[in-house]
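work_16.txt follows; it contains compact mmCIF, C-alpha atoms (C1' of nucleotides).
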# COMPACT_ATOMS: atom_id res chain seq x y z
CA MET A 176 180.08 -130.19 -58.83
CA ARG A 177 180.57 -130.15 -55.07
CA LYS A 178 183.96 -130.78 -53.59
CA GLU A 179 183.37 -132.64 -50.39
CA ASN A 180 186.54 -131.43 -48.70
CA SER A 181 186.88 -127.86 -49.81
CA THR A 182 187.20 -125.34 -47.03
CA ASN A 183 184.00 -123.86 -48.30
CA ALA A 184 182.09 -127.13 -47.93
CA ILE A 185 183.59 -127.74 -44.51
CA ASN A 186 182.64 -124.26 -43.34
CA GLU A 187 179.13 -124.80 -44.63
CA GLN A 188 178.85 -127.98 -42.58
CA PHE A 189 180.28 -126.21 -39.56
CA LEU A 190 177.64 -123.50 -39.80
CA PHE A 191 174.89 -126.09 -40.20
CA GLN A 192 175.95 -127.46 -36.84
CA VAL A 193 176.21 -124.09 -35.15
CA CYS A 194 172.58 -123.29 -35.86
CA GLU A 195 169.68 -124.50 -37.99
CA LEU A 196 169.37 -120.94 -39.17
CA ASN A 197 172.22 -121.57 -41.53
CA SER A 198 170.69 -124.61 -43.15
CA ALA A 199 167.43 -122.73 -43.48
CA ILE A 200 169.15 -119.83 -45.20
CA SER A 201 171.00 -122.12 -47.56
CA MET A 202 167.70 -123.65 -48.66
CA VAL A 203 166.17 -120.34 -49.61
CA SER A 204 169.11 -118.48 -51.02
CA GLY A 205 169.70 -118.73 -54.70
CA ARG A 206 168.85 -116.38 -57.52
CA TRP A 207 165.24 -117.43 -58.18
CA LYS A 208 164.26 -119.78 -55.42
CA CYS A 209 162.25 -117.57 -53.10
CA GLN A 210 160.44 -115.89 -55.90
CA ILE A 211 159.47 -119.27 -57.33
CA VAL A 212 158.13 -120.45 -53.98
CA PHE A 213 156.18 -117.25 -53.63
CA SER A 214 154.83 -117.46 -57.16
CA ILE A 215 153.72 -121.05 -56.67
CA SER A 216 151.88 -119.98 -53.54
CA GLN A 217 150.11 -117.37 -55.64
CA GLY A 218 148.85 -119.98 -58.04
CA TYR A 219 151.56 -119.93 -60.70
CA ASN A 220 152.01 -123.60 -60.07
CA ARG A 221 152.97 -124.96 -63.45
CA PHE A 222 156.14 -124.82 -65.47
CA HIS A 223 154.77 -122.65 -68.22
CA LEU A 224 152.97 -120.34 -65.78
CA LEU A 225 156.20 -119.74 -63.90
CA LYS A 226 157.99 -119.12 -67.16
CA ARG A 227 155.44 -116.50 -68.06
CA LYS A 228 155.57 -114.90 -64.63
CA LEU A 229 159.36 -114.74 -64.65
CA PRO A 230 160.15 -114.07 -68.30
CA LYS A 231 163.87 -113.65 -67.71
CA ILE A 232 164.45 -117.11 -66.34
CA SER A 233 165.50 -119.73 -68.85
CA GLU A 234 163.74 -123.07 -68.92
CA GLN A 235 166.89 -124.85 -67.92
CA VAL A 236 167.47 -122.69 -64.89
CA LEU A 237 163.83 -122.93 -63.90
CA GLY A 238 163.97 -126.70 -64.10
CA ARG A 239 167.06 -126.78 -61.97
CA GLN A 240 165.65 -124.52 -59.29
CA LEU A 241 162.45 -126.53 -59.15
CA LYS A 242 164.44 -129.69 -58.70
CA GLU A 243 166.44 -128.17 -55.86
CA LEU A 244 163.29 -127.02 -54.13
CA GLU A 245 162.01 -130.55 -54.54
CA THR A 246 165.08 -132.13 -52.99
CA HIS A 247 164.69 -129.77 -50.04
CA ALA A 248 161.10 -131.00 -49.78
CA ILE A 249 159.70 -127.50 -50.10
CA ILE A 250 157.62 -128.42 -53.13
CA VAL A 251 156.42 -131.64 -54.74
CA LYS A 252 155.50 -132.48 -58.28
CA ARG A 253 152.11 -133.88 -58.96
CA GLU A 254 150.70 -135.26 -62.17
CA LEU A 255 147.42 -133.78 -63.16
CA PRO A 256 144.89 -136.48 -63.96
CA GLU A 257 142.84 -136.25 -67.11
CA THR A 258 145.50 -134.39 -69.03
CA VAL A 259 147.16 -135.72 -72.16
CA PRO A 260 150.08 -135.48 -72.21
CA VAL A 261 150.37 -135.60 -68.45
CA GLY A 262 150.39 -132.09 -67.07
CA ILE A 263 152.52 -131.41 -64.07
CA GLU A 264 151.69 -129.22 -61.16
CA TYR A 265 153.91 -128.01 -58.34
CA VAL A 266 152.50 -128.04 -54.85
CA LEU A 267 153.96 -126.59 -51.67
CA THR A 268 154.54 -129.14 -48.94
CA ASN A 269 153.79 -128.29 -45.33
CA LYS A 270 157.40 -127.26 -45.08
CA GLY A 271 156.89 -124.92 -48.01
CA LEU A 272 153.65 -123.54 -46.66
CA ASP A 273 155.25 -122.78 -43.32
CA LEU A 274 157.93 -120.86 -45.14
CA ILE A 275 155.51 -118.41 -46.71
CA PRO A 276 154.80 -116.27 -43.63
CA ILE A 277 158.52 -116.04 -42.98
CA LEU A 278 159.14 -114.86 -46.53
CA GLU A 279 156.35 -112.34 -46.11
CA GLY A 280 158.09 -111.08 -43.02
CA LEU A 281 161.34 -110.72 -44.91
CA CYS A 282 159.56 -108.99 -47.74
CA ASN A 283 158.06 -106.53 -45.34
CA TRP A 284 161.37 -105.91 -43.69
CA GLY A 285 162.78 -105.19 -47.13
CA LYS A 286 159.99 -102.73 -47.83
CA VAL A 287 160.39 -100.87 -44.56
CA TYR A 288 164.08 -100.34 -45.11
CA THR A 289 164.14 -99.68 -48.83
CA GLY A 290 167.28 -98.08 -50.00
CA GLY A 291 168.65 -99.04 -46.65
CA LYS A 292 170.79 -95.97 -46.49
CA GLU A 293 169.44 -94.28 -43.38
CA ILE A 294 171.21 -95.59 -40.37
CA SER A 295 169.39 -95.49 -37.11
CA VAL A 296 170.46 -97.03 -33.86
CA ARG A 297 168.40 -97.32 -30.73
CA LEU A 298 170.26 -95.70 -27.91
CA THR A 299 170.78 -97.79 -24.86
CA SER A 300 172.33 -95.25 -22.53
CA MET B 143 184.36 -107.53 -59.28
CA ARG B 144 180.80 -107.06 -60.48
CA LYS B 145 179.99 -106.98 -64.15
CA GLU B 146 177.22 -104.43 -64.49
CA ASN B 147 175.73 -105.97 -67.61
CA SER B 148 176.01 -109.66 -67.08
CA THR B 149 172.78 -111.59 -67.41
CA ASN B 150 173.24 -112.53 -63.81
CA ALA B 151 173.38 -108.91 -62.66
CA ILE B 152 170.44 -107.98 -64.85
CA ASN B 153 168.36 -110.84 -63.48
CA GLU B 154 169.25 -109.80 -59.97
CA GLN B 155 167.97 -106.29 -60.68
CA PHE B 156 164.86 -107.70 -62.28
CA LEU B 157 164.08 -109.73 -59.17
CA PHE B 158 164.69 -106.70 -56.96
CA GLN B 159 161.93 -104.97 -58.86
CA VAL B 160 159.55 -107.91 -58.78
CA CYS B 161 159.52 -107.97 -55.00
CA GLU B 162 161.45 -106.58 -52.05
CA LEU B 163 161.71 -110.14 -50.84
CA ASN B 164 164.54 -110.67 -53.25
CA SER B 165 166.60 -107.73 -52.08
CA ALA B 166 166.00 -108.84 -48.52
CA ILE B 167 167.23 -112.33 -49.29
CA SER B 168 170.30 -111.04 -51.07
CA MET B 169 171.25 -109.03 -47.98
CA VAL B 170 171.17 -112.03 -45.69
CA SER B 171 172.50 -114.76 -47.90
CA GLY B 172 176.18 -115.40 -47.82
CA ARG B 173 178.24 -117.96 -46.03
CA TRP B 174 178.61 -116.25 -42.64
CA LYS B 175 176.36 -113.23 -42.67
CA CYS B 176 173.35 -114.43 -40.72
CA GLN B 177 175.41 -116.15 -38.14
CA ILE B 178 177.42 -112.98 -37.61
CA VAL B 179 174.29 -110.88 -37.17
CA PHE B 180 172.95 -113.42 -34.73
CA SER B 181 176.20 -113.59 -32.81
CA ILE B 182 176.39 -109.83 -32.55
CA SER B 183 172.88 -109.81 -31.14
CA GLN B 184 174.05 -112.29 -28.54
CA GLY B 185 176.80 -109.99 -27.41
CA TYR B 186 179.73 -111.17 -29.51
CA ASN B 187 180.03 -107.66 -30.79
CA ARG B 188 183.74 -107.23 -31.36
CA PHE B 189 186.10 -108.48 -34.01
CA HIS B 190 188.05 -110.77 -31.74
CA LEU B 191 184.91 -112.09 -30.01
CA LEU B 192 183.42 -113.06 -33.35
CA LYS B 193 186.67 -114.69 -34.34
CA ARG B 194 186.57 -116.77 -31.19
CA LYS B 195 182.90 -117.67 -31.65
CA LEU B 196 183.42 -118.70 -35.27
CA PRO B 197 186.89 -120.22 -35.21
CA LYS B 198 186.76 -121.37 -38.82
CA ILE B 199 186.31 -117.94 -40.34
CA SER B 200 189.47 -116.17 -41.41
CA GLU B 201 190.06 -112.60 -40.32
CA GLN B 202 189.92 -111.37 -43.87
CA VAL B 203 186.62 -113.02 -44.59
CA LEU B 204 185.21 -111.77 -41.31
CA GLY B 205 186.28 -108.24 -42.16
CA ARG B 206 184.66 -108.48 -45.55
CA GLN B 207 181.37 -109.79 -44.23
CA LEU B 208 181.25 -107.10 -41.58
CA LYS B 209 181.82 -104.45 -44.21
CA GLU B 210 179.03 -105.81 -46.35
CA LEU B 211 176.66 -105.85 -43.39
CA GLU B 212 177.69 -102.28 -42.79
CA THR B 213 176.98 -101.17 -46.35
CA HIS B 214 173.55 -102.76 -46.05
CA ALA B 215 173.09 -100.72 -42.88
CA ILE B 216 172.41 -103.79 -40.79
CA ILE B 217 175.23 -103.02 -38.40
CA VAL B 218 177.36 -99.98 -37.58
CA LYS B 219 180.84 -99.65 -36.22
CA ARG B 220 181.35 -97.67 -33.11
CA GLU B 221 184.55 -96.64 -31.44
CA LEU B 222 184.71 -97.48 -27.81
CA PRO B 223 185.74 -94.45 -25.75
CA GLU B 224 188.40 -94.81 -23.13
CA THR B 225 190.21 -97.57 -24.94
CA VAL B 226 193.74 -97.30 -26.21
CA PRO B 227 194.17 -98.17 -28.98
CA VAL B 228 190.62 -97.43 -29.99
CA GLY B 229 188.50 -100.52 -29.56
CA ILE B 230 185.75 -101.11 -32.08
CA GLU B 231 182.33 -102.46 -31.38
CA TYR B 232 179.66 -103.56 -33.80
CA VAL B 233 176.10 -102.53 -33.09
CA LEU B 234 172.90 -103.63 -34.79
CA THR B 235 170.95 -100.80 -36.35
CA ASN B 236 167.17 -100.75 -36.14
CA LYS B 237 167.19 -102.51 -39.44
CA GLY B 238 169.40 -105.20 -37.98
CA LEU B 239 167.32 -105.50 -34.83
CA ASP B 240 164.15 -105.94 -36.85
CA LEU B 241 165.84 -108.74 -38.70
CA ILE B 242 166.45 -110.82 -35.60
CA PRO B 243 162.88 -112.11 -35.07
CA ILE B 244 162.72 -113.05 -38.72
CA LEU B 245 165.95 -115.00 -38.43
CA GLU B 246 164.58 -116.68 -35.33
CA GLY B 247 161.56 -117.69 -37.35
CA LEU B 248 163.76 -119.15 -40.05
CA CYS B 249 165.82 -120.94 -37.46
CA ASN B 250 162.73 -122.46 -35.98
CA TRP B 251 161.46 -123.50 -39.36
CA GLY B 252 164.80 -125.17 -39.93
CA LYS B 253 164.52 -127.00 -36.63
CA VAL B 254 161.00 -128.24 -37.27
CA TYR B 255 161.90 -129.70 -40.62
CA THR B 256 165.35 -131.08 -39.87
CA GLY B 257 166.53 -133.54 -42.39
CA GLY B 258 163.69 -132.30 -44.51
CA LYS B 259 163.15 -135.70 -45.99
CA GLU B 260 159.58 -136.36 -44.93
CA ILE B 261 157.23 -134.94 -47.48
CA SER B 262 153.82 -133.97 -46.31
CA VAL B 263 151.20 -132.09 -48.22
CA ARG B 264 147.98 -130.74 -46.86
CA LEU B 265 145.13 -132.19 -48.84
CA THR B 266 142.73 -129.72 -50.31
CA SER B 267 140.09 -132.04 -51.71
C1' DC C 247 154.46 -133.84 -92.16
C1' DT C 248 155.95 -129.69 -89.92
C1' DA C 249 155.29 -126.55 -86.28
C1' DT C 250 154.15 -125.56 -81.51
C1' DG C 251 153.58 -126.14 -76.46
C1' DG C 252 154.77 -128.41 -72.28
C1' DA C 253 158.36 -130.27 -69.44
C1' DC C 254 162.45 -131.21 -68.98
C1' DT C 255 168.28 -133.02 -68.87
C1' DA C 256 173.32 -132.85 -69.80
C1' DA C 257 177.43 -130.53 -70.68
C1' DC C 258 179.86 -126.56 -70.83
C1' DA C 259 181.05 -121.51 -70.15
C1' DA C 260 180.60 -117.07 -67.70
C1' DT C 261 180.20 -114.84 -63.38
C1' DT C 262 180.22 -114.55 -58.55
C1' DT C 263 181.41 -115.99 -54.00
C1' DT C 264 184.59 -117.71 -50.76
C1' DG C 265 189.07 -118.50 -49.07
C1' DT C 266 194.29 -117.53 -48.98
C1' DT C 267 198.62 -115.02 -48.77
C1' DC C 268 200.84 -111.10 -47.47
C1' DG C 269 200.99 -106.69 -45.41
C1' DT C 270 199.61 -102.61 -42.23
C1' DT C 271 199.15 -99.66 -37.74
C1' DA C 272 199.38 -99.28 -33.07
C1' DT C 273 200.03 -100.79 -28.16
C1' DT C 274 201.03 -103.72 -24.25
C1' DG C 275 203.87 -107.56 -22.18
C1' DC C 276 208.38 -109.65 -21.49
C1' DG D 267 213.91 -105.11 -29.14
C1' DC D 268 210.56 -108.94 -30.20
C1' DA D 269 206.19 -111.16 -29.98
C1' DA D 270 201.36 -110.90 -29.49
C1' DT D 271 196.62 -108.84 -29.86
C1' DA D 272 193.21 -106.02 -32.20
C1' DA D 273 191.42 -104.70 -36.58
C1' DC D 274 191.60 -104.68 -40.80
C1' DG D 275 192.85 -104.06 -46.85
C1' DA D 276 194.49 -105.67 -51.50
C1' DA D 277 195.27 -109.03 -54.77
C1' DC D 278 194.88 -113.39 -56.25
C1' DA D 279 193.19 -118.34 -56.53
C1' DA D 280 189.78 -121.97 -55.71
C1' DA D 281 185.15 -123.32 -55.72
C1' DA D 282 180.31 -122.67 -56.39
C1' DT D 283 176.43 -120.63 -58.68
C1' DT D 284 174.13 -119.02 -62.71
C1' DG D 285 173.38 -118.89 -67.55
C1' DT D 286 173.80 -120.95 -72.43
C1' DT D 287 173.69 -124.28 -76.17
C1' DA D 288 171.83 -128.23 -77.78
C1' DG D 289 168.64 -131.73 -77.67
C1' DT D 290 164.82 -135.07 -75.73
C1' DC D 291 159.84 -136.91 -75.69
C1' DC D 292 154.98 -136.69 -76.60
C1' DA D 293 150.73 -134.77 -78.53
C1' DT D 294 147.72 -131.71 -80.87
C1' DA D 295 146.95 -128.07 -84.71
C1' DG D 296 147.16 -127.05 -89.39
Encoded form (structure tokens):
Amino acid sequence: MRKENSTNAINEQFLFQVCELNSAISMVSGRWKCQIVFSISQGYNRFHLLKRKLPKISEQVLGRQLKELETHAIIVKRELPETVPVGIEYVLTNKGLDLIPILEGLCNWGKVYTGGKEISVRLTS
Amino acid sequence: MRKENSTNAINEQFLFQVCELNSAISMVSGRWKCQIVFSISQGYNRFHLLKRKLPKISEQVLGRQLKELETHAIIVKRELPETVPVGIEYVLTNKGLDLIPILEGLCNWGKVYTGGKEISVRLTS
DNA sequence: CTATGGACTAACAATTTTGTTCGTTATTGC
DNA sequence: GCAATAACGAACAAAATTGTTAGTCCATAG
């Protein structure tokens, strides 16, 4: 799926070395990822709950996104005891928890500049 | 280039309505975008300066990314007076300036969790 | 015994993003 | 006159992401 030596992959690596910002961005960009993290933090922490919250996502895509978030150590799976069959819960790691305020900041930024059509520049002279 | 009625495009719109977070993310994700914004804020505010700072980017790709940042009103072009031929400078709008601290936060988050392999979860019980 | 809910995975196709090739305008340096 | 620098645009190709189809396993409800 990933070509190790494509220009694209090389450029990605290059950017990762320029600044951690770029690796951070790459972990949170993706169609559903941020929204999933946010939803988990709001208590929609199980597969079926997420499915209900985001009706347009397909189960397959949801599963994939969850797995990616797991490999980036933003969430972890946890088996719920006393459930038959074993229920599974998604929990934010510290890494994931620390991401929340940043996402809130981004969200706010988005709200302030909705539409984003008005251009304003602070004058320096 | 964009299919208006693809599932992908529809899902994108859906997410935009769920939360501004998603539109915010879509404005900053993209191979070079964040790094360009950051570099402009550091004073690499002209086409050739950016090219030199990010040697791996091609001129065409750079041009495209700059245009996208412009349509999102994160930067604006400005003609430098007293230059022949007209020199062009890129300036962060207020929207762009307000983005910087958020990007710094993300960058920091990236630095704290480098590698991102250690999984730690705060215990609630 | 069939249907339903929960939690997925693999393989493939559609769409989107990223990079490449070629070309433009205009000016200064040699 | 010829090359180089600055600042791009269009069209096309390669690669990556996103969505779809099909199917798994287990357990409880009816």
Interface residues on chain D facing chain B, 10 Å, only C-alpha atoms (C1' of nucleotides), written as a list in words: DT271, DA272, DA273, DC274, DG275, DT284 and DG285 of chain D
What is the atom CA of Gln184 of chain B to atom CA of Asn164 of chain B distance in Å?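 Answer for the atom CA of Gln184 of chain B to atom CA of Asn164 of chain B separation: 26.5 Å.
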Chain B least-squares fitted onto chain A over all paired Cα atoms, as a compact mmCIF listing (two decimals) with C-alpha atoms, keeping the file's coordinate frame:
# COMPACT_ATOMS: atom_id res chain seq x y z
CA MET B 143 180.04 -130.31 -58.90
CA ARG B 144 180.59 -130.17 -55.16
CA LYS B 145 183.99 -130.77 -53.68
CA GLU B 146 183.34 -132.63 -50.45
CA ASN B 147 186.49 -131.43 -48.74
CA SER B 148 186.88 -127.87 -49.82
CA THR B 149 187.19 -125.35 -47.03
CA ASN B 150 184.01 -123.86 -48.33
CA ALA B 151 182.08 -127.12 -47.97
CA ILE B 152 183.56 -127.75 -44.55
CA ASN B 153 182.62 -124.28 -43.36
CA GLU B 154 179.12 -124.79 -44.67
CA GLN B 155 178.81 -127.97 -42.62
CA PHE B 156 180.25 -126.23 -39.60
CA LEU B 157 177.61 -123.50 -39.83
CA PHE B 158 174.87 -126.10 -40.23
CA GLN B 159 175.91 -127.48 -36.88
CA VAL B 160 176.18 -124.11 -35.18
CA CYS B 161 172.55 -123.31 -35.87
CA GLU B 162 169.66 -124.50 -38.01
CA LEU B 163 169.36 -120.93 -39.18
CA ASN B 164 172.20 -121.55 -41.56
CA SER B 165 170.68 -124.60 -43.18
CA ALA B 166 167.42 -122.71 -43.49
CA ILE B 167 169.14 -119.82 -45.21
CA SER B 168 170.99 -122.10 -47.58
CA MET B 169 167.68 -123.63 -48.68
CA VAL B 170 166.16 -120.31 -49.61
CA SER B 171 169.10 -118.45 -51.02
CA GLY B 172 169.69 -118.67 -54.70
CA ARG B 173 168.84 -116.36 -57.52
CA TRP B 174 165.24 -117.41 -58.17
CA LYS B 175 164.25 -119.77 -55.41
CA CYS B 176 162.23 -117.55 -53.11
CA GLN B 177 160.43 -115.88 -55.91
CA ILE B 178 159.47 -119.26 -57.32
CA VAL B 179 158.12 -120.45 -53.98
CA PHE B 180 156.18 -117.25 -53.64
CA SER B 181 154.82 -117.46 -57.16
CA ILE B 182 153.73 -121.04 -56.66
CA SER B 183 151.87 -119.97 -53.54
CA GLN B 184 150.11 -117.36 -55.64
CA GLY B 185 148.87 -119.97 -58.05
CA TYR B 186 151.57 -119.93 -60.71
CA ASN B 187 152.04 -123.60 -60.07
CA ARG B 188 153.00 -124.98 -63.45
CA PHE B 189 156.17 -124.85 -65.48
CA HIS B 190 154.79 -122.68 -68.22
CA LEU B 191 152.99 -120.35 -65.78
CA LEU B 192 156.22 -119.74 -63.91
CA LYS B 193 158.01 -119.13 -67.17
CA ARG B 194 155.44 -116.51 -68.07
CA LYS B 195 155.58 -114.89 -64.63
CA LEU B 196 159.38 -114.74 -64.65
CA PRO B 197 160.16 -114.08 -68.30
CA LYS B 198 163.88 -113.66 -67.73
CA ILE B 199 164.49 -117.13 -66.34
CA SER B 200 165.55 -119.75 -68.84
CA GLU B 201 163.75 -123.08 -68.92
CA GLN B 202 166.87 -124.91 -67.88
CA VAL B 203 167.48 -122.72 -64.89
CA LEU B 204 163.84 -122.94 -63.90
CA GLY B 205 163.99 -126.72 -64.08
CA ARG B 206 167.08 -126.78 -61.94
CA GLN B 207 165.66 -124.51 -59.27
CA LEU B 208 162.46 -126.53 -59.12
CA LYS B 209 164.46 -129.70 -58.67
CA GLU B 210 166.45 -128.18 -55.85
CA LEU B 211 163.28 -127.01 -54.12
CA GLU B 212 162.02 -130.54 -54.53
CA THR B 213 165.09 -132.13 -52.97
CA HIS B 214 164.69 -129.76 -50.03
CA ALA B 215 161.10 -130.98 -49.78
CA ILE B 216 159.70 -127.49 -50.11
CA ILE B 217 157.62 -128.40 -53.12
CA VAL B 218 156.42 -131.63 -54.73
CA LYS B 219 155.52 -132.48 -58.27
CA ARG B 220 152.14 -133.88 -58.96
CA GLU B 221 150.74 -135.27 -62.15
CA LEU B 222 147.46 -133.80 -63.15
CA PRO B 223 144.92 -136.52 -63.93
CA GLU B 224 142.85 -136.28 -67.05
CA THR B 225 145.48 -134.42 -68.99
CA VAL B 226 147.14 -135.74 -72.10
CA PRO B 227 150.07 -135.56 -72.17
CA VAL B 228 150.37 -135.64 -68.42
CA GLY B 229 150.38 -132.12 -67.06
CA ILE B 230 152.56 -131.42 -64.06
CA GLU B 231 151.72 -129.20 -61.16
CA TYR B 232 153.93 -128.01 -58.35
CA VAL B 233 152.51 -128.03 -54.86
CA LEU B 234 153.96 -126.58 -51.67
CA THR B 235 154.53 -129.13 -48.95
CA ASN B 236 153.79 -128.26 -45.34
CA LYS B 237 157.38 -127.23 -45.09
CA GLY B 238 156.91 -124.90 -48.01
CA LEU B 239 153.65 -123.51 -46.66
CA ASP B 240 155.26 -122.76 -43.31
CA LEU B 241 157.92 -120.84 -45.14
CA ILE B 242 155.50 -118.39 -46.72
CA PRO B 243 154.80 -116.23 -43.63
CA ILE B 244 158.51 -116.02 -42.98
CA LEU B 245 159.13 -114.85 -46.52
CA GLU B 246 156.34 -112.32 -46.11
CA GLY B 247 158.10 -111.06 -43.02
CA LEU B 248 161.34 -110.70 -44.92
CA CYS B 249 159.55 -108.97 -47.74
CA ASN B 250 158.05 -106.51 -45.33
CA TRP B 251 161.37 -105.89 -43.68
CA GLY B 252 162.77 -105.18 -47.12
CA LYS B 253 159.98 -102.73 -47.82
CA VAL B 254 160.39 -100.86 -44.56
CA TYR B 255 164.08 -100.33 -45.08
CA THR B 256 164.16 -99.67 -48.81
CA GLY B 257 167.32 -98.09 -49.96
CA GLY B 258 168.68 -99.03 -46.59
CA LYS B 259 170.81 -95.95 -46.46
CA GLU B 260 169.45 -94.29 -43.35
CA ILE B 261 171.25 -95.60 -40.33
CA SER B 262 169.42 -95.51 -37.08
CA VAL B 263 170.46 -97.07 -33.83
CA ARG B 264 168.39 -97.35 -30.72
CA LEU B 265 170.23 -95.69 -27.89
CA THR B 266 170.74 -97.78 -24.82
CA SER B 267 172.26 -95.23 -22.47
Between atom CA of Gln155 of chain B and atom C1' of DA259 of chain C lies a distance of 22.2 Å
For a quick test of understanding: name the residues of chain A lying within 9 Å of chain B when counting all atoms listed in the file, and present them as a ChimeraX atom specification. /A:183,186-187,189-190,193-201,203-207,209-210,229,231-232,246-251,266-270,273-274,277-297
Using only C-alpha atoms (C1' of nucleotides) and a distance of at most 12 Å, pull out the residues of chain C that contact chain B, as a PyMOL selection string. chain C and resi 260-268+271-274
Using all atoms listed in the file - which residues lie no farther than 10 Å from the point (156.4, -129.4, -83.2) in the file's frame? Write them as a list in words. DT248, DA249, DT250 and DG251 of chain C; DC292, DA293, DT294 and DA295 of chain D
Export of the given selection (C-alpha atoms (C1' of nucleotides)) as a PDB file, in the coordinates of the input:
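Now in result.pdb:
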ATOM      1  C1'  DT C 248     155.950-129.690 -89.920  1.00  0.00           C
ATOM      2  C1'  DA C 249     155.290-126.550 -86.280  1.00  0.00           C
ATOM      3  C1'  DT C 250     154.150-125.560 -81.510  1.00  0.00           C
ATOM      4  C1'  DG C 251     153.580-126.140 -76.460  1.00  0.00           C
TER       5       DG C 251
ATOM      6  C1'  DC D 292     154.980-136.690 -76.600  1.00  0.00           C
ATOM      7  C1'  DA D 293     150.730-134.770 -78.530  1.00  0.00           C
ATOM      8  C1'  DT D 294     147.720-131.710 -80.870  1.00  0.00           C
ATOM      9  C1'  DA D 295     146.950-128.070 -84.710  1.00  0.00           C
TER      10       DA D 295
END
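What separates atom CA of Lys193 of chain B from atom C1' of DA276 of chain D is a distance of 20.9 Å.
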Here is a test: counting only C-alpha atoms (C1' of nucleotides), which residue of C:DG269, C:DC247, C:DC254, C:DG275 is nearest to Lys242 of chain A? C:DC254
Please report, as AutoDock Vina command-line options, the centre and edge lengths in Å to one decimal of an axis-aligned box covering all listed atoms of segment 232-240 of chain A with 5 Å per side.
--center_x 165.6 --center_y -121.9 --center_z -64.1 --size_x 13.7 --size_y 19.7 --size_z 19.6
